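Engineer: My questions all concern the structure below.
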Amino acid sequence: MQRAAFFTLLLWLIAIALAAWTLAQLPLADITHSISALSAVQWIFWLGLNALIIVVLGLRWQLLTQALAAPVNLLKLLLIRQAGQAVSFITPGPQFGGEPLQIYWLYKYGLPLRTALLSLGLDRFFELWVNFSVLLLAVLLLLAGVGDTLQYDTLQYDIIKSNAIGDWQTALLPLLIFLGLMFLLAWVLVKQPQWINNRLERVAARWQHNHRLNNINQHWQSLGDDLRTALRTQKIRFSLALLLSLLGWVGLLSELYLILRLVGIEADLHSFLIILVAMRMALLLPMPGGVGTLEASVLWSFHTLGLPASAALGLIALMRVRDAIVLLVGLACLRASNTTNAQTKSITEI
C-alpha cells in the first residue's frame, strides 16, 4: 500500500510539473488579448462546438463498447476519455500516453481486461485511421493544386509551385506507410489470426514458469475471437462508429475555419488546406501538446501564404486557450476518475 501511494503521488507530481511547463510555454500576452477580443456569443459558440466534438467522439467509443457486449455509461466514458487526453497532452507526442490509465479505469468500472483493451484499441484504430486518411486526402488535394488561386509572375510561380509539390510529396510517403501498416495489422488480426498465435506460443514457451505469460497466446486468441465476432454481428454499430469519426472531423474542420474567421482570415480552400496540413503534421512530432511545433507550423503557413503575422499570433493564442481549457478539464476528470475508483474500491472491501 505504501508503494502504491508513493507511486500515485509520484505520477501526480510528474503530471502537475508537465502541465505547468506546458502552460508556461503558452503565449500568455497574446492569449489575454485574444480572450478580450471575443464576444460572449463567440465564446459560447466556439466552446459549444468543442464540447460537441468531444461528445461525438465519446458516443463513438460507447458504440464500440456496445458492439463488444460491454456497454458503459456515456458520462463515464467521457470522464475516462478526457482524463486520458489530459495525460496524452502532457506527454511527448499528444497522440498517445493516456491509454494505460484508460484501460485501467475501464477495468475498474467492471469491464473484463480483454474487453477493455479491445474497446480502446478499436476506438484508437478508428481515430487514427480516419485522422490519417483525412490528412492524406488533404495532401493529395494540395498536390493536385485544388483551390490554388495564388497569382505570381511565371518564374516566381514555378519556383513556389515546385517547392510546394516537393514538400507535399515528402509528407505523402509517411502517411501512406502508416495507413498501409494499419491496414496490414487489421488484415492479420481478422484474416490471419493463427500467424500471430503461433508466434505468441513461442513466447509463451519461454515463460512457462509465469502463469500469465504462459497463457498469453490463449488470451490473444480470445481477444481475436471477440473481435471477429463483433465484426461479423455488429456491422451497423461499426458503420455508425465510422460515421461519428467523420462527423468529429467535420467538427474539427469547422472549428479551424471558425478560429480563422475570428482572427480576420477568410481563407480559400487551398490556403485552408495548407494551414490544416501544417498544423496536423506538427502535432505528430514528439512534443508535449505540440508546444513549439504547432506555433512554428502556423507561422510558416501564414508566411508562405502571405497572411499577416498578427493573425497567426491570434490563431495560436486562441488554439492555446482551447488547449489550456481542455487540459484543465482533463486534469479535473483525472482527479475525479481516481476519486471514483478509490470509492469503488472502498465499497468493494466493505
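By convention in this document, the chains of the C-alpha cells carry letters A, B, ... by their order, each chain's residues are numbered from 1, and ligands are numbered from 1 in the order they are shown.
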Find the residues around segment 132-145 of chain A up to 12 Å (only C-alpha atoms counted), leave out those fewer than 6 positions away in its own chain, and share them as a PyMOL selection string.
Structural biologist: chain A and resi 95+124-126+161-183+245-250+252-253+269-281+283-284
Engineer: What is the atom CA of Phe238 of chain A-atom CA of Leu128 of chain A distance in Å, reported with one decimal?
Structural biologist: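 Going from atom CA of Phe238 of chain A over to atom CA of Leu128 of chain A covers 15.1 Å.
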Engineer: Restricting the calculation to only C-alpha atoms, which member of A:Leu106, A:Ala282, A:Thr115, A:Leu256 is positioned closest to Asp225 of chain A?
Structural biologist: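 Distance minimum relative to Asp225 of chain A lands on A:Thr115.
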Engineer: With distances taken over only C-alpha atoms, which of A:Pro286, A:Asp268, A:Leu258, A:Lys76 is nearest to Leu305 of chain A?
Structural biologist: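 Closest candidate: A:Asp268.
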Engineer: Tell me which of A:Arg237, A:Arg322, A:Lys191, A:Arg114 sits closest to Gln62 of chain A, counting only C-alpha atoms.
Structural biologist: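 Smallest separation from Gln62 of chain A among the options: A:Arg237.
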Engineer: Please compute the atom CA of Arg335 of chain A-atom CA of Leu101 of chain A distance, one decimal, in Å.
Structural biologist: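 If I compute the distance from atom CA of Arg335 of chain A to atom CA of Leu101 of chain A, I get 12.1 Å.
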Engineer: Let me make sure I understand: among A:Val263, A:Val55, A:Leu74, A:Leu223, which one has the smallest atom-to-atom distance to Leu313 of chain A if we use only C-alpha atoms?
Structural biologist: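 Among A:Val263, A:Val55, A:Leu74, A:Leu223, it is A:Val263 that comes nearest to Leu313 of chain A.
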Engineer: Might you pull out every residue within 12 Å of Leu52 of chain A, with only C-alpha atoms counted and same-chain residues fewer than 4 positions away left off, and present them as a list in words?
Structural biologist: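 Answer for this query is Ile44, Phe45, Trp46, Leu47, Gly48, Val56, Leu57, Gly58, Leu59, Leu78, Leu244, Leu247, Gly248, Trp249, Val250, Gly251, Leu252, Ser254 and Glu255 of chain A.
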Engineer: Write out as a PyMOL selection string which residues come within 8 Å of Leu331 of chain A when counting only C-alpha atoms, dropping same-chain ones fewer than 6 positions away.
Structural biologist: chain A and resi 83+86-87
Engineer: Print the selection's residues with all heavy atoms to a file, as a JSON list (two decimals), in the first residue's frame.
Structural biologist:
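Heads up, here's the output in selection-v6.json:
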```
[["chain", "number", "residue", "atom", "x", "y", "z"],
["A", 83, "ALA", "N", -9.80, 12.43, -19.22],
["A", 83, "ALA", "CA", -8.67, 12.21, -18.31],
["A", 83, "ALA", "C", -7.49, 11.64, -19.07],
["A", 83, "ALA", "O", -6.34, 12.07, -18.90],
["A", 83, "ALA", "CB", -9.08, 11.25, -17.19],
["A", 86, "ALA", "N", -5.86, 14.30, -21.21],
["A", 86, "ALA", "CA", -5.01, 15.21, -20.44],
["A", 86, "ALA", "C", -3.62, 14.61, -20.27],
["A", 86, "ALA", "O", -2.61, 15.30, -20.41],
["A", 86, "ALA", "CB", -5.64, 15.49, -19.08],
["A", 87, "VAL", "N", -3.56, 13.31, -19.96],
["A", 87, "VAL", "CA", -2.27, 12.64, -19.82],
["A", 87, "VAL", "C", -1.53, 12.63, -21.15],
["A", 87, "VAL", "O", -0.34, 12.90, -21.22],
["A", 87, "VAL", "CB", -2.46, 11.20, -19.30],
["A", 87, "VAL", "CG1", -1.12, 10.46, -19.25],
["A", 87, "VAL", "CG2", -3.09, 11.23, -17.90]]
```
